[in-house]
Amino acid sequence: MGVVVTGVGIVSALGVGVQSNIVSMREGRSGISAHPSILKTGNILPVGELRMTNDELHRLADIPVHKHLSRTALLGIIAAREALADAKAEPSKRIGLVSSTSVGGMDLTEGFFREFMKDDSAGRLRDVRMHDCGAITSAMAHYCGINAYTTTISTACSSAANAVMFGAKLIEHDVVDYVVAGGSDALSAFTLNGFKSLMILDRQACRPFDRSRAGLNLGEGAGYLVLQSDKNSASNYYCRLAGYANRNDAHHQTATSAGGEGAYLAMAEALKLANLSPREVSYINAHGTGTQNNDSAESAAFIRLFGENIPAFSSTKGFTGHTLAAAGGIEAAYSVLSVAKGFLYPNLNFSHPIEEFGLIPNSEFSEGNNIDCVLSNSFGFGGNCSSLVFVR
Amino acid sequence: MKCYIDSVVVDSRIPADDIRELIPDALLRRRMSRLLRTAVATAVSCVGGVENIASLDAIITATGWGCLTDSERFLRNMISEDEQLLNPTPFIQSTFNTVGGIIALMGKNHCYNMTYVNRSHSFEDALLDSMIRVADGSSRNLLVGAFDEQTQSQYRIMERMGVFRSQSPGEGSVFVRILSEKSQSSLAQLVRLDFPGNSLNETEVLERYASSSASLLLFNSYRDKGLFPTASAHSFARAVELIRRGESEVVVYNEYLGATPTVSVVQCVG
């Protein structure tokens, strides 16, 4: 039995919906702005922000504003609904949800805490009701017609790839008929300041895989796939999820080993599960955050796995920013469309390869390419490294 | 789908002095919050020492609230320091997969590493992942753990929400070693796990899940540990203990914190 992808949904700084994301990338238009305009913060740092307020997102999702949902939940609901509608999921079947987030309802908690710190009787309780990650999934399930098993995964920046992986297991083991799998994360002052304190935010637009790269830009969004068994789905699916792997770098809590051990193991094992050799990979949607550490380690892992024959690769984070727990979902959706429609995505802001590796990412948007196999990488804090393999 | 429980450790059984031995790296230990120290020590104790981490082929953790102390510390600093010159350590340690990551790091173990953060289902979701991995041969030697901490702010907020009018607060860590095969050290076997979509009463639970009239029911015994998202992991630990003391089957049913129930069925190893 195989797992197939029958629906995709994306919200990112490039816009709401798959179409607006692809159009932006085709036109080479980045979603990164010079500073946040919706997020309340004193930091003037570039971010990939969706230029819609929470009230606007409630209205877009046709949810009364007084329901006061966390931004993370709203982004997730909008993307998951798109994926479900795309898959034409039958409501009489078991529809499960595996969602991931790293900030949960922190966007609302921040406001609460400013009041609560002064007086522990102050702050509106409705602002902490959705603090925990499970609350986001629960709200999504409620507003997306989920009627079967749901769970929440949080493994930092690899979260959504792990959600897709566990979603596939639920299909393989007949726990559900459909599973909506992916992740959602809103921008928050908490994460923006967190990455700033680690000194890995670029003050300019991020430059993944470039010699001059100086860090990442934080982003927000949500990306979900609908997975089904090939026994139960119509024949017009996008592609197959042929392999997946989750391995740990076991090197440092936040930094990646120089040789990219975890990245190498995840890619190699995902391909092994898919019964494919590295030669058969057509395109890699890299993790490519734009930090010194990640892009070096990922390049080293590419060279170790592919040798001289590095497939076309790019990081799409120059368009979206690093959307943390959503990244693996948004990028899995891009990867699915790459296989289904032959898209190759550009790596923005690249000019000079990293001397040590000499790798040059794909620089132009193109379509109609013959793409048989795409690898999607997501790595995170805690050493978590995950890779997904999509094939025609 | 079934798997074997080889070891269960509850944090309250670890003397404070032993933590130094279980987490030998003094620098790491000093940086850790109380929750991290307790959860990691419980995990290491469960596998019988740091040297045994390397043999695991899956590390699966579960937490409903995550590392609240570190999250709160970073949030407070961010607000009081007006977003300037913040110490990154509490931010790093606020990540939900911190415990799983530290265990992997201590044992230099590159295996499957996953974290479930799903309210009062977190631990049972981790168990489901384990059972699936055992069933399809992905893993044979797994460490599954659950942890949540109580903080002053979290207590105050939940008190204001009225949660503690009928229940008392709690916290704790539990780690379980799961093997795919029966061994001399098997304490019990997990034979069934279910997520019924709606509430059941005691009679219904027994009718649906008990294999004989000798079956014992732990019905909402999460209450014994107080209210926190992974309190049900402590019910599970108790079920294994009851099997070890001679019961043949224990059915564990928990439903709390507004989520649908979870059921696990633990049996003696025949």
# chains A, B, ... in the order shown; residues from 1 in each chain; ligands from 1
$ residues_around --residues "range 192-206 of chain A" --least-positions-apart "4" --cutoff "9 Å" --atoms "only C-alpha atoms" --output "MDAnalysis selection string"
(chainID A and resid 32:34 41 43:47 187:188 213:218 289:292 317:318 321 348:349) or (chainID B and resid 74 78 83:92)
$ interface_residues --of "chain B" --to "chain A" --cutoff "6 Å" --atoms "only C-alpha atoms" --output "MDAnalysis selection string"
chainID B and resid 86 88 91 97:98 101 104:105 108 110:112 115:119
$ residues_around --residues "Gly172 in chain B" --least-positions-apart "2" --cutoff "9 Å" --atoms "only C-alpha atoms" --output "number ranges by chain"
B: 10-12, 35, 38-39, 146-150, 170, 174, 225, 228, 230-231, 234
$ atom_distance --atom1 "CA of Gly107 in chain B" --atom2 "CA of Ala270 in chain A"
23.0 Å
$ select_by_dssp --residues "range 334-390 of chain A" --states "helix (DSSP H, G or I)" --output "list of chain:residue names"
A:Tyr334, A:Ser335, A:Val336, A:Leu337, A:Ser338, A:Val339, A:Ala340, A:Lys341, A:Phe381, A:Gly382, A:Gly383
$ write_last_selection --atoms "C-alpha atoms" --output "PDB file, in the first residue's frame"
ATOM      1  CA  TYR A 334       5.842  23.325  -2.754  1.00  0.00           C
ATOM      2  CA  SER A 335       7.604  19.977  -3.230  1.00  0.00           C
ATOM      3  CA  VAL A 336       4.333  18.206  -4.044  1.00  0.00           C
ATOM      4  CA  LEU A 337       3.590  20.841  -6.715  1.00  0.00           C
ATOM      5  CA  SER A 338       7.106  20.486  -8.050  1.00  0.00           C
ATOM      6  CA  VAL A 339       6.498  16.801  -8.760  1.00  0.00           C
ATOM      7  CA  ALA A 340       2.951  17.297 -10.016  1.00  0.00           C
ATOM      8  CA  LYS A 341       3.559  20.350 -12.221  1.00  0.00           C
ATOM      9  CA  PHE A 381      16.641  22.708  17.450  1.00  0.00           C
ATOM     10  CA  GLY A 382      17.146  19.633  19.565  1.00  0.00           C
ATOM     11  CA  GLY A 383      19.059  18.071  16.661  1.00  0.00           C
TER      12      GLY A 383
END
$ atom_distance --atom1 "CA of Met114 in chain B" --atom2 "CA of Val9 in chain B"
19.6 Å
$ select_by_dssp --residues "range 21-201 of chain B" --states "strand (DSSP E or B)" --output "mmCIF file with N, CA and C atoms, in the first residue's frame"
data_model
loop_
_atom_site.group_PDB
_atom_site.id
_atom_site.type_symbol
_atom_site.label_atom_id
_atom_site.label_comp_id
_atom_site.auth_asym_id
_atom_site.auth_seq_id
_atom_site.Cartn_x
_atom_site.Cartn_y
_atom_site.Cartn_z
ATOM 1 N N ALA B 58 14.264 4.635 19.319
ATOM 2 C CA ALA B 58 13.248 5.687 19.235
ATOM 3 C C ALA B 58 13.170 6.388 20.591
ATOM 4 N N ILE B 59 13.132 7.705 20.543
ATOM 5 C CA ILE B 59 12.972 8.510 21.762
ATOM 6 C C ILE B 59 11.734 9.379 21.525
ATOM 7 N N ILE B 60 10.677 9.091 22.273
ATOM 8 C CA ILE B 60 9.404 9.775 22.020
ATOM 9 C C ILE B 60 8.945 10.445 23.312
ATOM 10 N N THR B 61 8.811 11.767 23.294
ATOM 11 C CA THR B 61 8.418 12.478 24.501
ATOM 12 C C THR B 61 7.040 13.115 24.330
ATOM 13 N N ALA B 62 6.429 13.434 25.474
ATOM 14 C CA ALA B 62 5.087 13.995 25.471
ATOM 15 C C ALA B 62 4.993 15.035 26.574
ATOM 16 N N TYR B 112 15.316 8.029 15.687
ATOM 17 C CA TYR B 112 14.002 8.690 15.624
ATOM 18 C C TYR B 112 13.732 9.435 16.930
ATOM 19 N N ASN B 113 13.333 10.700 16.802
ATOM 20 C CA ASN B 113 13.151 11.530 17.988
ATOM 21 C C ASN B 113 11.913 12.404 17.768
ATOM 22 N N MET B 114 10.900 12.207 18.593
ATOM 23 C CA MET B 114 9.614 12.848 18.318
ATOM 24 C C MET B 114 9.026 13.434 19.601
ATOM 25 N N THR B 115 8.242 14.500 19.472
ATOM 26 C CA THR B 115 7.610 15.109 20.640
ATOM 27 C C THR B 115 6.142 15.445 20.357
ATOM 28 N N TYR B 116 5.275 14.909 21.200
ATOM 29 C CA TYR B 116 3.837 15.171 21.098
ATOM 30 C C TYR B 116 3.425 16.198 22.147
ATOM 31 N N ASN B 141 13.242 -0.926 20.352
ATOM 32 C CA ASN B 141 13.721 -0.561 21.687
ATOM 33 C C ASN B 141 13.464 0.928 21.894
ATOM 34 N N LEU B 142 12.356 1.243 22.544
ATOM 35 C CA LEU B 142 11.890 2.627 22.562
ATOM 36 C C LEU B 142 11.828 3.207 23.972
ATOM 37 N N LEU B 143 12.093 4.495 24.058
ATOM 38 C CA LEU B 143 11.918 5.209 25.318
ATOM 39 C C LEU B 143 10.793 6.211 25.110
ATOM 40 N N VAL B 144 9.768 6.110 25.966
ATOM 41 C CA VAL B 144 8.618 6.998 25.849
ATOM 42 C C VAL B 144 8.445 7.714 27.178
ATOM 43 N N GLY B 145 8.322 9.023 27.139
ATOM 44 C CA GLY B 145 8.211 9.741 28.402
ATOM 45 C C GLY B 145 7.232 10.889 28.357
ATOM 46 N N ALA B 146 6.759 11.268 29.545
ATOM 47 C CA ALA B 146 5.815 12.371 29.661
ATOM 48 C C ALA B 146 6.235 13.266 30.816
ATOM 49 N N PHE B 147 6.084 14.570 30.641
ATOM 50 C CA PHE B 147 6.464 15.482 31.722
ATOM 51 C C PHE B 147 5.705 16.789 31.618
ATOM 52 N N ASP B 148 5.365 17.340 32.758
ATOM 53 C CA ASP B 148 4.759 18.673 32.841
ATOM 54 C C ASP B 148 5.133 19.266 34.172
ATOM 55 N N PRO B 169 -3.937 20.953 41.776
ATOM 56 C CA PRO B 169 -2.899 21.020 40.753
ATOM 57 C C PRO B 169 -1.871 19.912 40.935
ATOM 58 N N GLY B 172 4.665 16.326 37.169
ATOM 59 C CA GLY B 172 5.443 15.092 37.271
ATOM 60 C C GLY B 172 6.009 14.619 35.948
ATOM 61 N N SER B 173 6.916 13.638 36.058
ATOM 62 C CA SER B 173 7.530 13.001 34.885
ATOM 63 C C SER B 173 7.425 11.488 35.014
ATOM 64 N N VAL B 174 7.183 10.837 33.917
ATOM 65 C CA VAL B 174 7.187 9.371 33.863
ATOM 66 C C VAL B 174 7.907 8.949 32.595
ATOM 67 N N PHE B 175 8.805 7.976 32.683
ATOM 68 C CA PHE B 175 9.390 7.411 31.467
ATOM 69 C C PHE B 175 9.184 5.908 31.444
ATOM 70 N N VAL B 176 8.943 5.401 30.243
ATOM 71 C CA VAL B 176 8.621 3.996 30.040
ATOM 72 C C VAL B 176 9.536 3.444 28.959
ATOM 73 N N ARG B 177 10.129 2.277 29.220
ATOM 74 C CA ARG B 177 10.933 1.604 28.203
ATOM 75 C C ARG B 177 10.057 0.557 27.551
ATOM 76 N N ILE B 178 9.960 0.614 26.235
ATOM 77 C CA ILE B 178 9.102 -0.309 25.491
ATOM 78 C C ILE B 178 9.947 -1.167 24.555
ATOM 79 N N LEU B 179 9.706 -2.463 24.574
ATOM 80 C CA LEU B 179 10.416 -3.362 23.672
ATOM 81 C C LEU B 179 9.417 -4.068 22.761
ATOM 82 N N ALA B 188 5.008 -5.953 31.799
ATOM 83 C CA ALA B 188 3.617 -6.006 31.366
ATOM 84 C C ALA B 188 3.588 -5.836 29.855
ATOM 85 N N GLN B 189 2.422 -6.045 29.252
ATOM 86 C CA GLN B 189 2.293 -5.751 27.830
ATOM 87 C C GLN B 189 1.132 -4.787 27.597
ATOM 88 N N LEU B 190 1.377 -3.869 26.683
ATOM 89 C CA LEU B 190 0.327 -2.930 26.273
ATOM 90 C C LEU B 190 -0.359 -3.567 25.075
ATOM 91 N N VAL B 191 -1.639 -3.917 25.228
ATOM 92 C CA VAL B 191 -2.303 -4.672 24.164
ATOM 93 C C VAL B 191 -3.292 -3.846 23.363
ATOM 94 N N ARG B 192 -3.702 -2.716 23.926
ATOM 95 C CA ARG B 192 -4.688 -1.925 23.189
ATOM 96 C C ARG B 192 -4.636 -0.472 23.616
ATOM 97 N N LEU B 193 -4.889 0.390 22.658
ATOM 98 C CA LEU B 193 -4.907 1.824 22.915
ATOM 99 C C LEU B 193 -6.061 2.379 22.094
ATOM 100 N N ASP B 194 -6.895 3.190 22.697
ATOM 101 C CA ASP B 194 -8.033 3.710 21.928
ATOM 102 C C ASP B 194 -8.318 5.158 22.305
#
$ residues_around --residues "Gly145 in chain A" --least-positions-apart "4" --cutoff "10 Å" --atoms "only C-alpha atoms" --output "compact mmCIF listing (two decimals) with C-alpha atoms, in the first residue's frame"
# COMPACT_ATOMS: atom_id res chain seq x y z
CA ARG A 81 -9.47 24.05 4.69
CA LEU A 84 -9.36 19.53 2.41
CA PRO A 91 -17.18 14.02 5.31
CA ILE A 95 -10.71 12.57 8.59
CA GLY A 96 -7.81 12.97 11.01
CA LEU A 97 -5.47 15.88 11.73
CA MET A 140 -8.47 23.71 13.80
CA ALA A 141 -10.27 20.37 14.17
$ atom_distance --atom1 "CA of Gly49 in chain B" --atom2 "CA of Ile5 in chain B"
17.5 Å
$ residues_around --residues "Asp17 in chain B" --least-positions-apart "5" --cutoff "12 Å" --atoms "only C-alpha atoms" --output "list in words"
Leu22, Ile23, Pro24, Thr38 and Ala41 of chain B
$ residues_around --residues "range 63-75 of chain A" --least-positions-apart "4" --cutoff "6 Å" --atoms "only C-alpha atoms" --output "mmCIF file with C-alpha atoms, in the first residue's frame"
data_model
loop_
_atom_site.group_PDB
_atom_site.id
_atom_site.type_symbol
_atom_site.label_atom_id
_atom_site.label_comp_id
_atom_site.auth_asym_id
_atom_site.auth_seq_id
_atom_site.Cartn_x
_atom_site.Cartn_y
_atom_site.Cartn_z
ATOM 1 C CA ASP A 55 -9.661 40.469 12.615
ATOM 2 C CA HIS A 58 -11.287 35.846 11.233
ATOM 3 C CA ARG A 59 -13.426 37.419 8.511
ATOM 4 C CA GLY A 105 -1.049 30.764 21.046
ATOM 5 C CA ILE A 136 -4.441 25.269 18.218
ATOM 6 C CA SER A 184 1.222 26.485 11.449
ATOM 7 C CA ASP A 185 3.156 29.228 13.201
ATOM 8 C CA ALA A 186 2.347 32.916 13.589
ATOM 9 C CA ALA A 222 0.789 27.391 7.493
#
$ residues_around --residues "Gly342 in chain A" --least-positions-apart "4" --cutoff "7 Å" --atoms "only C-alpha atoms" --output "MDAnalysis selection string"
chainID A and resid 338 367:371
$ write_last_selection --atoms "N, CA and C atoms" --output "PDB file, in the first residue's frame"
ATOM      1  N   SER A 338       5.938  20.659  -7.185  1.00  0.00           N
ATOM      2  CA  SER A 338       7.106  20.486  -8.050  1.00  0.00           C
ATOM      3  C   SER A 338       7.000  19.169  -8.815  1.00  0.00           C
ATOM      4  N   GLU A 367       8.834  25.904 -15.199  1.00  0.00           N
ATOM      5  CA  GLU A 367       7.791  24.880 -15.087  1.00  0.00           C
ATOM      6  C   GLU A 367       7.884  23.918 -16.260  1.00  0.00           C
ATOM      7  N   GLY A 368       7.141  22.831 -16.155  1.00  0.00           N
ATOM      8  CA  GLY A 368       7.181  21.825 -17.214  1.00  0.00           C
ATOM      9  C   GLY A 368       8.433  20.974 -17.179  1.00  0.00           C
ATOM     10  N   ASN A 369       9.200  21.066 -16.092  1.00  0.00           N
ATOM     11  CA  ASN A 369      10.374  20.204 -15.962  1.00  0.00           C
ATOM     12  C   ASN A 369       9.937  18.768 -15.689  1.00  0.00           C
ATOM     13  N   ASN A 370      10.799  17.858 -16.038  1.00  0.00           N
ATOM     14  CA  ASN A 370      10.505  16.464 -15.775  1.00  0.00           C
ATOM     15  C   ASN A 370      11.006  16.111 -14.374  1.00  0.00           C
ATOM     16  N   ILE A 371      10.117  16.223 -13.391  1.00  0.00           N
ATOM     17  CA  ILE A 371      10.507  16.004 -11.995  1.00  0.00           C
ATOM     18  C   ILE A 371       9.905  14.682 -11.515  1.00  0.00           C
TER      19      ILE A 371
END
$ closest_residue --among "B:Trp65, B:Glu21, B:Ser166, B:Val269" --to "Gly48 in chain B" --atoms "only C-alpha atoms"
B:Glu21
